[in-house]
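Enquirer: First the structure, then my questions, so here it is.
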Amino acid sequence: MINRYKQGITIIETLVVIAVIAILVAVVIPQFANIRENQVLKSAVADVLSSINKARTQTLSSLNSSKYGVHFQSDKIIIFTGTGFLEESLDNETINITTPATITNVTLNNVSGTSGDIYFNRLSGSPSKTGIITISTTSFSKIITISGTGVASSN
């Protein structure tokens, strides 16, 4: 009796396996990109909230007998000393926002744009301005709200 079947993998079986792997990769890779983008957004929101809270805490503790504030730009947040932002000040603390996240809108007391400043009052911790800050990526966005008490929260 002659064995007509040889053991091994045919070209058709190989092509089917490659097609299945290609389909799985095509479905999984975009999901990983969305997960990464969402993590970058969460990190940017945490950086903004942390900066606002740090400036408020430093003001309330009267660190160096000064007021502290936060300046928002599309790609960074700057904690400054005093009631006005001076770009050339050596006391500024810059926190860069990781791309693809950016600050897309800053609306503080009806002043809109992609940059703005707030500072905090020493006795109460209340902000000079209230409003919202929008942080976005290509697929997601979050809004941070600064209340009249100086507390910042995100949606």
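The chains in the structure tokens are called A, B, ... from first to last as shown; in each chain the residues are counted from 1, and the ligands are counted from 1 in the order shown.
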Can you tell me which residues surround Ser147 in chain A at a distance of at most 10 Å, considering only C-alpha atoms, apart from same-chain residues fewer than 4 positions away, and format the answer as number ranges by chain?
Expert: A: 126-127, 129-132, 151-153
Enquirer: Could you please take those selected residues and save C-alpha atoms as an mmCIF file, in the first residue's frame?
Expert:
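As a result, out_23.cif now contains:
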data_model
loop_
_atom_site.group_PDB
_atom_site.id
_atom_site.type_symbol
_atom_site.label_atom_id
_atom_site.label_comp_id
_atom_site.auth_asym_id
_atom_site.auth_seq_id
_atom_site.Cartn_x
_atom_site.Cartn_y
_atom_site.Cartn_z
ATOM 1 C CA SER A 126 -9.337 81.969 45.483
ATOM 2 C CA PRO A 127 -8.231 82.438 41.879
ATOM 3 C CA LYS A 129 -10.153 84.189 37.301
ATOM 4 C CA THR A 130 -12.456 81.196 37.017
ATOM 5 C CA GLY A 131 -13.246 79.215 33.910
ATOM 6 C CA ILE A 132 -12.381 76.179 31.857
ATOM 7 C CA VAL A 151 -10.388 74.068 43.295
ATOM 8 C CA ALA A 152 -9.727 72.539 39.877
ATOM 9 C CA SER A 153 -11.488 69.410 38.610
#
Enquirer: Excluding Thr138 in chain A and any residue of its chain fewer than 2 positions from it, enumerate the residues within 12 Å of it, using only C-alpha atoms, and give them as a list in words.
Expert: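 Once the adjacent positions are removed, what remains is Ala33, Asn34, Arg36, Glu37, Asn38, Val40, Leu41, Thr99, Pro100, Ala101, Thr102, Ile103, Thr104, Ile135, Ser136, Phe140, Ser141 and Lys142 of chain A.
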Enquirer: Among chain A, which residues carry a DSSP assignment of strand (DSSP E), reported as a ChimeraX atom specification?
Expert: /A:68-72,76-81,93-96,102-108,111-113,116-119,131-136,141-146,152-154
Enquirer: I'd like the interatomic distance between CA of Leu108 in chain A and CA of Ile146 in chain A, to a tenth of an Å.
Expert: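 Taking CA of Leu108 in chain A and CA of Ile146 in chain A, their separation equals 8.7 Å.
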Enquirer: Under the rule that only C-alpha atoms are counted, which of A:Val106, A:Ile9, A:Val70, A:Leu123 is the nearest residue to Thr94 in chain A?
Expert: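 Comparing A:Val106, A:Ile9, A:Val70, A:Leu123 against Thr94 in chain A, the winner is A:Val70.
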Enquirer: Please determine, counting only C-alpha atoms, which residue among A:Ser51, A:Thr134, A:Asn155, A:Ser124 has the shortest atom-to-atom distance to Thr107 in chain A.
Expert: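 For Thr107 in chain A, the nearest of the candidates is A:Thr134.
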Enquirer: Can you list, as a VMD selection string, all residues belonging to range 29-78 of chain A that DSSP tags as helix (DSSP H, G or I)?
Expert: chain A and resid 29 to 60 63 to 65
Enquirer: Write to file, as an mmCIF file, in the first residue's frame, the residues of the selection just made, with N, CA and C atoms.
Expert:
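Saved file again_17.cif follows:
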data_model
loop_
_atom_site.group_PDB
_atom_site.id
_atom_site.type_symbol
_atom_site.label_atom_id
_atom_site.label_comp_id
_atom_site.auth_asym_id
_atom_site.auth_seq_id
_atom_site.Cartn_x
_atom_site.Cartn_y
_atom_site.Cartn_z
ATOM 1 N N ILE A 29 -3.735 46.820 16.383
ATOM 2 C CA ILE A 29 -2.805 47.964 16.368
ATOM 3 C C ILE A 29 -3.525 49.302 16.557
ATOM 4 N N PRO A 30 -4.633 49.601 15.873
ATOM 5 C CA PRO A 30 -5.313 50.882 16.127
ATOM 6 C C PRO A 30 -5.810 51.009 17.567
ATOM 7 N N GLN A 31 -6.199 49.900 18.170
ATOM 8 C CA GLN A 31 -6.649 49.953 19.562
ATOM 9 C C GLN A 31 -5.509 50.352 20.489
ATOM 10 N N PHE A 32 -4.317 49.863 20.229
ATOM 11 C CA PHE A 32 -3.159 50.250 21.032
ATOM 12 C C PHE A 32 -2.857 51.735 20.863
ATOM 13 N N ALA A 33 -3.022 52.254 19.654
ATOM 14 C CA ALA A 33 -2.791 53.685 19.414
ATOM 15 C C ALA A 33 -3.796 54.524 20.198
ATOM 16 N N ASN A 34 -5.062 54.101 20.217
ATOM 17 C CA ASN A 34 -6.083 54.821 20.984
ATOM 18 C C ASN A 34 -5.809 54.761 22.478
ATOM 19 N N ILE A 35 -5.355 53.621 22.954
ATOM 20 C CA ILE A 35 -5.028 53.486 24.379
ATOM 21 C C ILE A 35 -3.884 54.420 24.732
ATOM 22 N N ARG A 36 -2.855 54.478 23.900
ATOM 23 C CA ARG A 36 -1.719 55.364 24.154
ATOM 24 C C ARG A 36 -2.157 56.820 24.140
ATOM 25 N N GLU A 37 -2.967 57.198 23.165
ATOM 26 C CA GLU A 37 -3.439 58.578 23.058
ATOM 27 C C GLU A 37 -4.280 58.972 24.279
ATOM 28 N N ASN A 38 -5.109 58.064 24.744
ATOM 29 C CA ASN A 38 -5.913 58.322 25.927
ATOM 30 C C ASN A 38 -5.033 58.470 27.166
ATOM 31 N N GLN A 39 -3.969 57.673 27.272
ATOM 32 C CA GLN A 39 -3.037 57.794 28.401
ATOM 33 C C GLN A 39 -2.297 59.128 28.369
ATOM 34 N N VAL A 40 -1.909 59.586 27.192
ATOM 35 C CA VAL A 40 -1.245 60.879 27.062
ATOM 36 C C VAL A 40 -2.182 61.996 27.503
ATOM 37 N N LEU A 41 -3.460 61.901 27.135
ATOM 38 C CA LEU A 41 -4.447 62.893 27.552
ATOM 39 C C LEU A 41 -4.608 62.896 29.070
ATOM 40 N N LYS A 42 -4.722 61.717 29.663
ATOM 41 C CA LYS A 42 -4.850 61.624 31.117
ATOM 42 C C LYS A 42 -3.630 62.218 31.811
ATOM 43 N N SER A 43 -2.459 61.988 31.263
ATOM 44 C CA SER A 43 -1.226 62.533 31.830
ATOM 45 C C SER A 43 -1.211 64.062 31.741
ATOM 46 N N ALA A 44 -1.653 64.606 30.616
ATOM 47 C CA ALA A 44 -1.698 66.064 30.448
ATOM 48 C C ALA A 44 -2.691 66.689 31.424
ATOM 49 N N VAL A 45 -3.855 66.068 31.598
ATOM 50 C CA VAL A 45 -4.851 66.564 32.555
ATOM 51 C C VAL A 45 -4.270 66.548 33.962
ATOM 52 N N ALA A 46 -3.589 65.460 34.321
ATOM 53 C CA ALA A 46 -2.973 65.360 35.648
ATOM 54 C C ALA A 46 -1.913 66.446 35.839
ATOM 55 N N ASP A 47 -1.132 66.741 34.797
ATOM 56 C CA ASP A 47 -0.111 67.795 34.881
ATOM 57 C C ASP A 47 -0.740 69.165 35.115
ATOM 58 N N VAL A 48 -1.826 69.456 34.407
ATOM 59 C CA VAL A 48 -2.497 70.749 34.569
ATOM 60 C C VAL A 48 -3.101 70.862 35.966
ATOM 61 N N LEU A 49 -3.812 69.825 36.397
ATOM 62 C CA LEU A 49 -4.409 69.846 37.736
ATOM 63 C C LEU A 49 -3.341 69.977 38.814
ATOM 64 N N SER A 50 -2.257 69.260 38.660
ATOM 65 C CA SER A 50 -1.161 69.320 39.623
ATOM 66 C C SER A 50 -0.540 70.717 39.667
ATOM 67 N N SER A 51 -0.369 71.341 38.532
ATOM 68 C CA SER A 51 0.217 72.688 38.473
ATOM 69 C C SER A 51 -0.686 73.714 39.149
ATOM 70 N N ILE A 52 -1.977 73.618 38.884
ATOM 71 C CA ILE A 52 -2.936 74.541 39.512
ATOM 72 C C ILE A 52 -2.915 74.353 41.025
ATOM 73 N N ASN A 53 -2.968 73.098 41.460
ATOM 74 C CA ASN A 53 -2.955 72.821 42.893
ATOM 75 C C ASN A 53 -1.647 73.250 43.551
ATOM 76 N N LYS A 54 -0.539 73.080 42.860
ATOM 77 C CA LYS A 54 0.754 73.483 43.415
ATOM 78 C C LYS A 54 0.817 74.994 43.598
ATOM 79 N N ALA A 55 0.393 75.746 42.586
ATOM 80 C CA ALA A 55 0.404 77.208 42.686
ATOM 81 C C ALA A 55 -0.513 77.676 43.812
ATOM 82 N N ARG A 56 -1.660 77.078 43.939
ATOM 83 C CA ARG A 56 -2.604 77.446 45.004
ATOM 84 C C ARG A 56 -2.027 77.111 46.377
ATOM 85 N N THR A 57 -1.444 75.934 46.520
ATOM 86 C CA THR A 57 -0.863 75.514 47.796
ATOM 87 C C THR A 57 0.310 76.406 48.189
ATOM 88 N N GLN A 58 1.171 76.734 47.224
ATOM 89 C CA GLN A 58 2.304 77.613 47.527
ATOM 90 C C GLN A 58 1.821 78.995 47.949
ATOM 91 N N THR A 59 0.751 79.469 47.347
ATOM 92 C CA THR A 59 0.189 80.770 47.721
ATOM 93 C C THR A 59 -0.393 80.712 49.129
ATOM 94 N N LEU A 60 -1.186 79.704 49.420
ATOM 95 C CA LEU A 60 -1.808 79.578 50.738
ATOM 96 C C LEU A 60 -0.778 79.411 51.852
ATOM 97 N N LEU A 63 4.597 80.788 50.677
ATOM 98 C CA LEU A 63 5.974 80.451 50.335
ATOM 99 C C LEU A 63 6.684 81.692 49.801
ATOM 100 N N ASN A 64 7.766 82.069 50.428
ATOM 101 C CA ASN A 64 8.538 83.274 50.069
ATOM 102 C C ASN A 64 7.682 84.538 50.115
ATOM 103 N N SER A 65 6.624 84.515 50.906
ATOM 104 C CA SER A 65 5.711 85.662 51.049
ATOM 105 C C SER A 65 5.190 86.148 49.700
#
Enquirer: For Ile77 in chain A, find every residue with an atom within 6 Å (counting only C-alpha atoms), except residues of its own chain fewer than 3 positions away, and show them as a list in words.
Expert: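 Answer for this query is His71, Phe72, Thr94 and Ile95 of chain A.
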Enquirer: If I take CA of Phe80 in chain A and CA of Glu93 in chain A, how far is one from the other in Å, to one decimal?
Expert: 6.6 Å
Enquirer: Suppose you want the space between CA of Asp117 in chain A and CA of Phe85 in chain A; what is it in Å?
Expert: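 Here the two named atoms are 7.1 Å from each other.
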Enquirer: Out of A:Val17, A:Ile144, A:Ile23, A:Ile118, which residue has the shortest atom-to-atom distance to Thr81 in chain A when counting only C-alpha atoms?
Expert: A:Ile118
Enquirer: Determine, counting only C-alpha atoms, which protein, DNA and RNA residues have an atom within 12 Å of an atom of Gly84 in chain A; residues of the same chain fewer than 5 positions away are not included. Present the result as a PDB file with C-alpha atoms, in the first residue's frame.
Expert:
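See around10.pdb below for the written result:
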ATOM      1  CA  SER A  66       4.471  85.561  47.454  1.00  0.00           C
ATOM      2  CA  LYS A  67       1.425  84.810  45.366  1.00  0.00           C
ATOM      3  CA  TYR A  68       1.736  82.139  42.704  1.00  0.00           C
ATOM      4  CA  GLY A  69      -0.044  81.651  39.436  1.00  0.00           C
ATOM      5  CA  VAL A  70      -0.287  79.477  36.369  1.00  0.00           C
ATOM      6  CA  HIS A  71       0.213  80.505  32.731  1.00  0.00           C
ATOM      7  CA  ILE A  78       4.183  77.579  33.601  1.00  0.00           C
ATOM      8  CA  ILE A  79       3.948  78.195  37.355  1.00  0.00           C
ATOM      9  CA  SER A  89      11.625  85.247  35.070  1.00  0.00           C
ATOM     10  CA  ASN A  92       9.185  80.136  36.460  1.00  0.00           C
ATOM     11  CA  GLY A 116      -4.121  82.686  29.762  1.00  0.00           C
ATOM     12  CA  ASP A 117      -3.056  83.368  33.334  1.00  0.00           C
ATOM     13  CA  ILE A 118      -4.513  82.905  36.786  1.00  0.00           C
ATOM     14  CA  TYR A 119      -2.990  83.607  40.181  1.00  0.00           C
ATOM     15  CA  PHE A 120      -4.230  82.854  43.676  1.00  0.00           C
ATOM     16  CA  SER A 128      -7.998  85.745  40.052  1.00  0.00           C
TER      17      SER A 128
END
Enquirer: Which is closer to Gln73 in chain A than all the others in A:Val27, A:Leu90, A:Ile11, A:Ile133, using only C-alpha atoms?
Expert: A:Ile133
